Amino acid sequence: MNASSVLFDSSDSWLDHTLANASESPAPTMQRLPDGTTITRPLVGVLEVTPAATHQNPNGEALIVSVGVHGNETAPIEVLDGLVNEILADDWPVACPLLLVMGNPPAMVAGERFIDVNMNRLFSGAHGRDEYRGLPEATRASQIESLCREFAHRHAALALNHYDLHTAIRPSHREKFALYPFVEGRQVPERQCDFLLEADVETLLLQHKAGTTFSSFTSSELGAESFTIELGKVRPFGQNDLARFAGIRDSLRRRFRGDPPPASAADRRSLSVFEVVHEILNTGEGFRFFIPDDVANFTEYAPGTLIWEDGSRNYRVGAVPEAIVFPNREVPIGQRVGLMIREQGVR
Ligand SMILES: O=C(O)CCC(=O)N[C@@H](CCC(=O)O)C(=O)O
Ligand SMILES: [Zn+2]
């Protein structure tokens with residue numbers, strides 16, 4: 001690695017460089033900022049920021065922030081790129097180690113959710129399954145896992161947190177919501193609830209089993225406090241109203257700087273908590289899904305409503321109303337068609 005090189009041409013941003021080199025493997029490179037912070041680019045679309053040893057890390061944490069695991073979910077990519085511009089311009093010092101990931105650069109260029117296979121089903125080793133062998137998304141998921149493991153190992157003394165930022169395909173009755181991956185026996189820490197509220201995320205959905213998403217990998221295998229965060233609706237690059245994403249931008253900047261939480265972050269607001277009661281899977285031949293294609297996330301269904309059936313099984317809403325999130329019948333056999341959820345209460 002060449003310590004005197006710069007990460008990208010001065011006219012380029014991290015996003016420009018990632019899009020221009022999406023399917024290339026430019027050599028790893030590193031840049032040192034005037035305050036001693038180093039930024040390395042081990043892979044295209046991945047930056048590791050290491051504050052100078054003399055810097056304080058008052059929150060005692062290391063942060064992974066990922067965007068673009070789905071290539072058409074552009075607003076979080078633009079938000080994180082903006083924060084990286086601020087770091088490179090030396091606008092403020094970084095206090096904690098950061099691993100910043102643009103997940104799927106070729107899909108970002110294509111403006112598609114994915115090219116061959118949904119990358120957010122390939123973590124926790126799923127990238128190694130025979131069916132995915134040789135696919136670029138599987139290779140990329142494996143590389144990202146390795147970088148996360150190394151990052152976690154290097155900063156084992158710090159609290160590891162991961163925020164995987166997305167936008168949703170459909171409208172939502174709750175615009176912003178977070179998913180908390182399932183890990184046996186754990187509870188969401190209060191300070192994470194406060195952070196979500198600080199980021200204008202007022203709804204939390206508790207997963208009921210571990211999966212092969214990026215955030216499930218960092219939770220289950222690296223012991224991170226991780227969340228997938230849905231921040232609004234999918235739009236192409238340049239068509240996002242970034243004012244709607246100010247909450248996540250400002251709260252992440254605050255964490256990167258190592259500032260304390262704002263005193264007012266969580267007061268007067270509460271987090272609505274939902275739990276997953278049923279995961280709808282495409283069971284294959286004969287599978288019929290009765291939720292319309294264009295239904296908004298968090299649309300509620302009355303007890304007894306038939307949600308799906310195949311030749312031998314079906315699912316009806318239980319004794320209290322349930323809502324749907326992520327309805328999508330266009331998924332391969334065995335994959336998630338949607339989640340049925342139920343409100344638990346507020347925190
Ligand atoms: O809007 C949709 O249908 C999908 C939005 C999206 O990409 N959601 C994530 C959620 C990941 C999780 O369950 O933690 C995904 O489906 O990968
Ligand atoms: Zn997504």
# chains A, B, ... in the order shown; residues from 1 in each chain; ligands from 1
call {"tool": "residues_around", "arguments": {"residues": "segment 105-121 of chain A", "least_positions_apart": "4", "cutoff": "7 Å", "atoms": "only C-alpha atoms", "output": "list in words"}}
result
Thr18, Leu19, Ala22, Ser23, Gly45, Gly68, Val69, His70, Gly71, Asn72, Glu137, Ala141, Thr212, Thr213, Phe214 and Pro236 of chain A
call {"tool": "residues_around", "arguments": {"residues": "Asp294 of chain A", "least_positions_apart": "4", "cutoff": "12 Å", "atoms": "only C-alpha atoms", "output": "number ranges by chain"}}
result
A: 169-172, 290, 299, 324-329
call {"tool": "write_last_selection", "arguments": {"atoms": "N, CA and C atoms", "output": "PDB file, in the first residue's frame"}}
result
ATOM      1  N   ILE A 169     -38.678  -0.517  -1.129  1.00  0.00           N
ATOM      2  CA  ILE A 169     -39.252  -0.538  -2.485  1.00  0.00           C
ATOM      3  C   ILE A 169     -40.614   0.157  -2.484  1.00  0.00           C
ATOM      4  N   ARG A 170     -41.408  -0.109  -1.442  1.00  0.00           N
ATOM      5  CA  ARG A 170     -42.788   0.387  -1.423  1.00  0.00           C
ATOM      6  C   ARG A 170     -42.946   1.548  -0.454  1.00  0.00           C
ATOM      7  N   PRO A 171     -44.064   2.282  -0.595  1.00  0.00           N
ATOM      8  CA  PRO A 171     -44.350   3.293   0.427  1.00  0.00           C
ATOM      9  C   PRO A 171     -44.531   2.606   1.781  1.00  0.00           C
ATOM     10  N   SER A 172     -44.549   3.416   2.837  1.00  0.00           N
ATOM     11  CA  SER A 172     -44.668   2.823   4.165  1.00  0.00           C
ATOM     12  C   SER A 172     -45.507   3.726   5.047  1.00  0.00           C
ATOM     13  N   PHE A 290     -51.600 -13.507  -1.164  1.00  0.00           N
ATOM     14  CA  PHE A 290     -52.838 -12.750  -1.337  1.00  0.00           C
ATOM     15  C   PHE A 290     -52.720 -11.258  -1.012  1.00  0.00           C
ATOM     16  N   THR A 299     -49.170  -2.020   6.440  1.00  0.00           N
ATOM     17  CA  THR A 299     -50.613  -2.168   6.220  1.00  0.00           C
ATOM     18  C   THR A 299     -51.107  -3.316   7.112  1.00  0.00           C
ATOM     19  N   ILE A 324     -48.066  -6.157   7.423  1.00  0.00           N
ATOM     20  CA  ILE A 324     -47.072  -6.731   6.510  1.00  0.00           C
ATOM     21  C   ILE A 324     -45.925  -5.742   6.318  1.00  0.00           C
ATOM     22  N   VAL A 325     -44.696  -6.239   6.236  1.00  0.00           N
ATOM     23  CA  VAL A 325     -43.595  -5.422   5.712  1.00  0.00           C
ATOM     24  C   VAL A 325     -42.860  -6.206   4.637  1.00  0.00           C
ATOM     25  N   PHE A 326     -42.290  -5.474   3.698  1.00  0.00           N
ATOM     26  CA  PHE A 326     -41.490  -5.982   2.579  1.00  0.00           C
ATOM     27  C   PHE A 326     -42.237  -6.996   1.702  1.00  0.00           C
ATOM     28  N   PRO A 327     -43.540  -6.762   1.382  1.00  0.00           N
ATOM     29  CA  PRO A 327     -44.193  -7.745   0.504  1.00  0.00           C
ATOM     30  C   PRO A 327     -43.523  -7.744  -0.861  1.00  0.00           C
ATOM     31  N   ASN A 328     -43.126  -8.896  -1.335  1.00  0.00           N
ATOM     32  CA  ASN A 328     -42.441  -8.997  -2.638  1.00  0.00           C
ATOM     33  C   ASN A 328     -42.549 -10.442  -3.116  1.00  0.00           C
ATOM     34  N   ARG A 329     -43.495 -10.667  -4.061  1.00  0.00           N
ATOM     35  CA  ARG A 329     -43.705 -12.041  -4.545  1.00  0.00           C
ATOM     36  C   ARG A 329     -42.619 -12.465  -5.521  1.00  0.00           C
TER      37      ARG A 329
END
call {"tool": "closest_residue", "arguments": {"among": "A:Asp250, A:Asp164, A:Glu322, A:Glu330", "to": "ligand 2", "atoms": "only C-alpha atoms and all ligand atoms"}}
result
A:Asp164
call {"tool": "closest_residue", "arguments": {"among": "A:Val183, A:Leu43, A:Ala210, A:Val273", "to": "Thr29 of chain A", "atoms": "only C-alpha atoms"}}
result
A:Leu43
call {"tool": "closest_residue", "arguments": {"among": "A:Asp35, A:Asp259, A:Asp81, A:Glu61", "to": "His17 of chain A", "atoms": "only C-alpha atoms"}}
result
A:Asp81
call {"tool": "select_by_dssp", "arguments": {"residues": "segment 108-158 of chain A", "states": "alpha helix (DSSP H)", "output": "list of chain:residue names"}}
result
A:Met108, A:Val109, A:Ala110, A:Pro136, A:Glu137, A:Ala138, A:Thr139, A:Arg140, A:Ala141, A:Ser142, A:Gln143, A:Ile144, A:Glu145, A:Ser146, A:Leu147, A:Cys148, A:Arg149, A:Glu150, A:Phe151, A:Ala152, A:His153, A:Arg154
call {"tool": "residues_around", "arguments": {"residues": "His166 of chain A", "least_positions_apart": "5", "cutoff": "9 Å", "atoms": "only C-alpha atoms", "output": "mmCIF file with N, CA and C atoms, in the first residue's frame"}}
result
data_model
loop_
_atom_site.group_PDB
_atom_site.id
_atom_site.type_symbol
_atom_site.label_atom_id
_atom_site.label_comp_id
_atom_site.auth_asym_id
_atom_site.auth_seq_id
_atom_site.Cartn_x
_atom_site.Cartn_y
_atom_site.Cartn_z
ATOM 1 N N SER A 66 -22.838 0.779 6.530
ATOM 2 C CA SER A 66 -22.916 0.256 5.164
ATOM 3 C C SER A 66 -24.124 0.842 4.455
ATOM 4 N N VAL A 67 -23.953 1.006 3.158
ATOM 5 C CA VAL A 67 -25.009 1.536 2.274
ATOM 6 C C VAL A 67 -24.878 0.789 0.950
ATOM 7 N N GLY A 68 -25.889 0.856 0.109
ATOM 8 C CA GLY A 68 -25.751 0.310 -1.243
ATOM 9 C C GLY A 68 -25.592 -1.199 -1.303
ATOM 10 N N VAL A 69 -25.957 -1.899 -0.244
ATOM 11 C CA VAL A 69 -26.006 -3.370 -0.342
ATOM 12 C C VAL A 69 -27.056 -3.729 -1.399
ATOM 13 N N HIS A 70 -28.066 -2.870 -1.501
ATOM 14 C CA HIS A 70 -28.975 -2.896 -2.656
ATOM 15 C C HIS A 70 -28.648 -1.659 -3.495
ATOM 16 N N GLU A 73 -30.764 1.706 -3.826
ATOM 17 C CA GLU A 73 -31.189 2.413 -2.609
ATOM 18 C C GLU A 73 -30.190 3.541 -2.370
ATOM 19 N N THR A 74 -30.398 4.638 -3.107
ATOM 20 C CA THR A 74 -29.319 5.605 -3.300
ATOM 21 C C THR A 74 -29.199 6.673 -2.213
ATOM 22 N N ALA A 75 -30.298 6.986 -1.522
ATOM 23 C CA ALA A 75 -30.227 8.109 -0.575
ATOM 24 C C ALA A 75 -29.175 7.866 0.519
ATOM 25 N N PRO A 76 -29.162 6.687 1.138
ATOM 26 C CA PRO A 76 -28.127 6.470 2.158
ATOM 27 C C PRO A 76 -26.705 6.561 1.583
ATOM 28 N N ILE A 77 -26.556 6.165 0.307
ATOM 29 C CA ILE A 77 -25.229 6.262 -0.329
ATOM 30 C C ILE A 77 -24.828 7.737 -0.416
ATOM 31 N N THR A 228 -30.481 -3.019 10.652
ATOM 32 C CA THR A 228 -30.805 -2.603 9.288
ATOM 33 C C THR A 228 -31.751 -1.434 9.451
ATOM 34 N N ILE A 229 -31.479 -0.322 8.795
ATOM 35 C CA ILE A 229 -32.362 0.838 8.972
ATOM 36 C C ILE A 229 -32.948 1.248 7.621
ATOM 37 N N GLU A 230 -34.273 1.269 7.563
ATOM 38 C CA GLU A 230 -35.005 1.703 6.363
ATOM 39 C C GLU A 230 -35.333 3.182 6.553
ATOM 40 N N LEU A 231 -34.903 3.990 5.588
ATOM 41 C CA LEU A 231 -34.949 5.441 5.803
ATOM 42 C C LEU A 231 -35.924 6.170 4.891
ATOM 43 N N GLY A 232 -36.628 5.465 4.036
ATOM 44 C CA GLY A 232 -37.531 6.137 3.110
ATOM 45 C C GLY A 232 -37.709 5.255 1.897
ATOM 46 N N LYS A 233 -37.939 5.903 0.749
ATOM 47 C CA LYS A 233 -38.263 5.111 -0.433
ATOM 48 C C LYS A 233 -37.118 5.148 -1.440
ATOM 49 N N VAL A 234 -36.981 4.042 -2.172
ATOM 50 C CA VAL A 234 -35.972 3.915 -3.233
ATOM 51 C C VAL A 234 -36.193 4.997 -4.295
#
call {"tool": "atom_distance", "arguments": {"atom1": "atom CA of Thr218 of chain A", "atom2": "atom CA of Leu63 of chain A"}}
result
11.2 Å
call {"tool": "atom_distance", "arguments": {"atom1": "atom CA of Thr167 of chain A", "atom2": "atom CA of Ala152 of chain A"}}
result
26.1 Å
call {"tool": "residues_around", "arguments": {"residues": "Val276 of chain A", "least_positions_apart": "4", "cutoff": "8 Å", "atoms": "only C-alpha atoms", "output": "PyMOL selection string"}}
result
chain A and resi 205-208+339-342
call {"tool": "atom_distance", "arguments": {"atom1": "atom CA of Leu47 of chain A", "atom2": "atom CA of Ala20 of chain A"}}
result
15.9 Å
call {"tool": "closest_residue", "arguments": {"among": "A:Ala224, A:Leu100, A:Ile307, A:Leu179", "to": "ligand 1", "atoms": "only C-alpha atoms and all ligand atoms"}}
result
A:Leu179
call {"tool": "residues_around", "arguments": {"residues": "Leu242 of chain A", "least_positions_apart": "3", "cutoff": "10 Å", "atoms": "only C-alpha atoms", "output": "PyMOL selection string"}}
result
chain A and resi 75-76+78-79+238-239+245-247+249
call {"tool": "residues_around", "arguments": {"residues": "segment 124-132 of chain A", "least_positions_apart": "2", "cutoff": "7 Å", "atoms": "only C-alpha atoms", "output": "number ranges by chain"}}
result
A: 122, 134-135, 138, 141-142, 212, 217
call {"tool": "write_last_selection", "arguments": {"atoms": "N, CA and C atoms", "output": "mmCIF file, in the first residue's frame"}}
result
data_model
loop_
_atom_site.group_PDB
_atom_site.id
_atom_site.type_symbol
_atom_site.label_atom_id
_atom_site.label_comp_id
_atom_site.auth_asym_id
_atom_site.auth_seq_id
_atom_site.Cartn_x
_atom_site.Cartn_y
_atom_site.Cartn_z
ATOM 1 N N LEU A 122 -26.634 -13.126 1.452
ATOM 2 C CA LEU A 122 -25.416 -13.904 1.188
ATOM 3 C C LEU A 122 -24.418 -13.881 2.338
ATOM 4 N N GLY A 134 -19.060 -18.432 -7.805
ATOM 5 C CA GLY A 134 -18.566 -17.651 -8.940
ATOM 6 C C GLY A 134 -19.343 -16.371 -9.193
ATOM 7 N N LEU A 135 -20.439 -16.147 -8.498
ATOM 8 C CA LEU A 135 -21.186 -14.910 -8.740
ATOM 9 C C LEU A 135 -20.473 -13.734 -8.057
ATOM 10 N N ALA A 138 -21.470 -12.869 -4.564
ATOM 11 C CA ALA A 138 -21.018 -13.795 -3.520
ATOM 12 C C ALA A 138 -19.573 -13.479 -3.139
ATOM 13 N N ALA A 141 -19.616 -10.296 -1.027
ATOM 14 C CA ALA A 141 -20.097 -10.527 0.347
ATOM 15 C C ALA A 141 -18.998 -11.191 1.174
ATOM 16 N N SER A 142 -18.284 -12.124 0.565
ATOM 17 C CA SER A 142 -17.212 -12.803 1.280
ATOM 18 C C SER A 142 -16.083 -11.818 1.631
ATOM 19 N N THR A 212 -29.394 -14.346 7.049
ATOM 20 C CA THR A 212 -28.141 -14.211 6.298
ATOM 21 C C THR A 212 -27.995 -12.792 5.736
ATOM 22 N N PHE A 217 -25.237 -10.996 10.220
ATOM 23 C CA PHE A 217 -23.849 -11.489 10.289
ATOM 24 C C PHE A 217 -23.043 -10.742 11.361
#
call {"tool": "select_by_dssp", "arguments": {"residues": "segment 67-302 of chain A", "states": "strand (DSSP E)", "output": "ChimeraX atom specification"}}
result
/A:67,98-102,159-168,177-180,203-206,225-233,272-281,288-289,299-301
call {"tool": "residues_around", "arguments": {"residues": "Trp308 of chain A", "least_positions_apart": "2", "cutoff": "10 Å", "atoms": "only C-alpha atoms", "output": "ChimeraX atom specification"}}
result
/A:280-283,287-291,305-306,310,313-316,337
call {"tool": "write_last_selection", "arguments": {"atoms": "C-alpha atoms", "output": "compact mmCIF listing (two decimals), in the first residue's frame"}}
result
# COMPACT_ATOMS: atom_id res chain seq x y z
CA ILE A 280 -43.55 -15.68 4.53
CA LEU A 281 -41.34 -17.79 2.27
CA ASN A 282 -41.87 -18.64 -1.37
CA THR A 283 -42.62 -22.34 -0.94
CA PHE A 287 -47.52 -20.86 -3.76
CA ARG A 288 -50.17 -18.09 -3.80
CA PHE A 289 -49.69 -14.79 -2.01
CA PHE A 290 -52.84 -12.75 -1.34
CA ILE A 291 -51.31 -9.35 -0.51
CA THR A 305 -57.20 -12.92 6.87
CA LEU A 306 -55.66 -15.49 4.50
CA ASP A 310 -49.83 -23.57 -1.28
CA ARG A 313 -50.21 -25.17 3.98
CA ASN A 314 -51.49 -21.65 4.52
CA TYR A 315 -51.13 -18.73 6.88
CA ARG A 316 -53.94 -16.67 8.36
CA VAL A 337 -41.83 -12.88 0.40
call {"tool": "closest_residue", "arguments": {"among": "A:Leu98, A:Ile87, A:Ile64, A:Leu204", "to": "Phe298 of chain A", "atoms": "only C-alpha atoms"}}
result
A:Leu204
call {"tool": "closest_residue", "arguments": {"among": "A:Thr203, A:Thr139, A:Asn104, A:Gln344", "to": "ligand 2", "atoms": "only C-alpha atoms and all ligand atoms"}}
result
A:Asn104
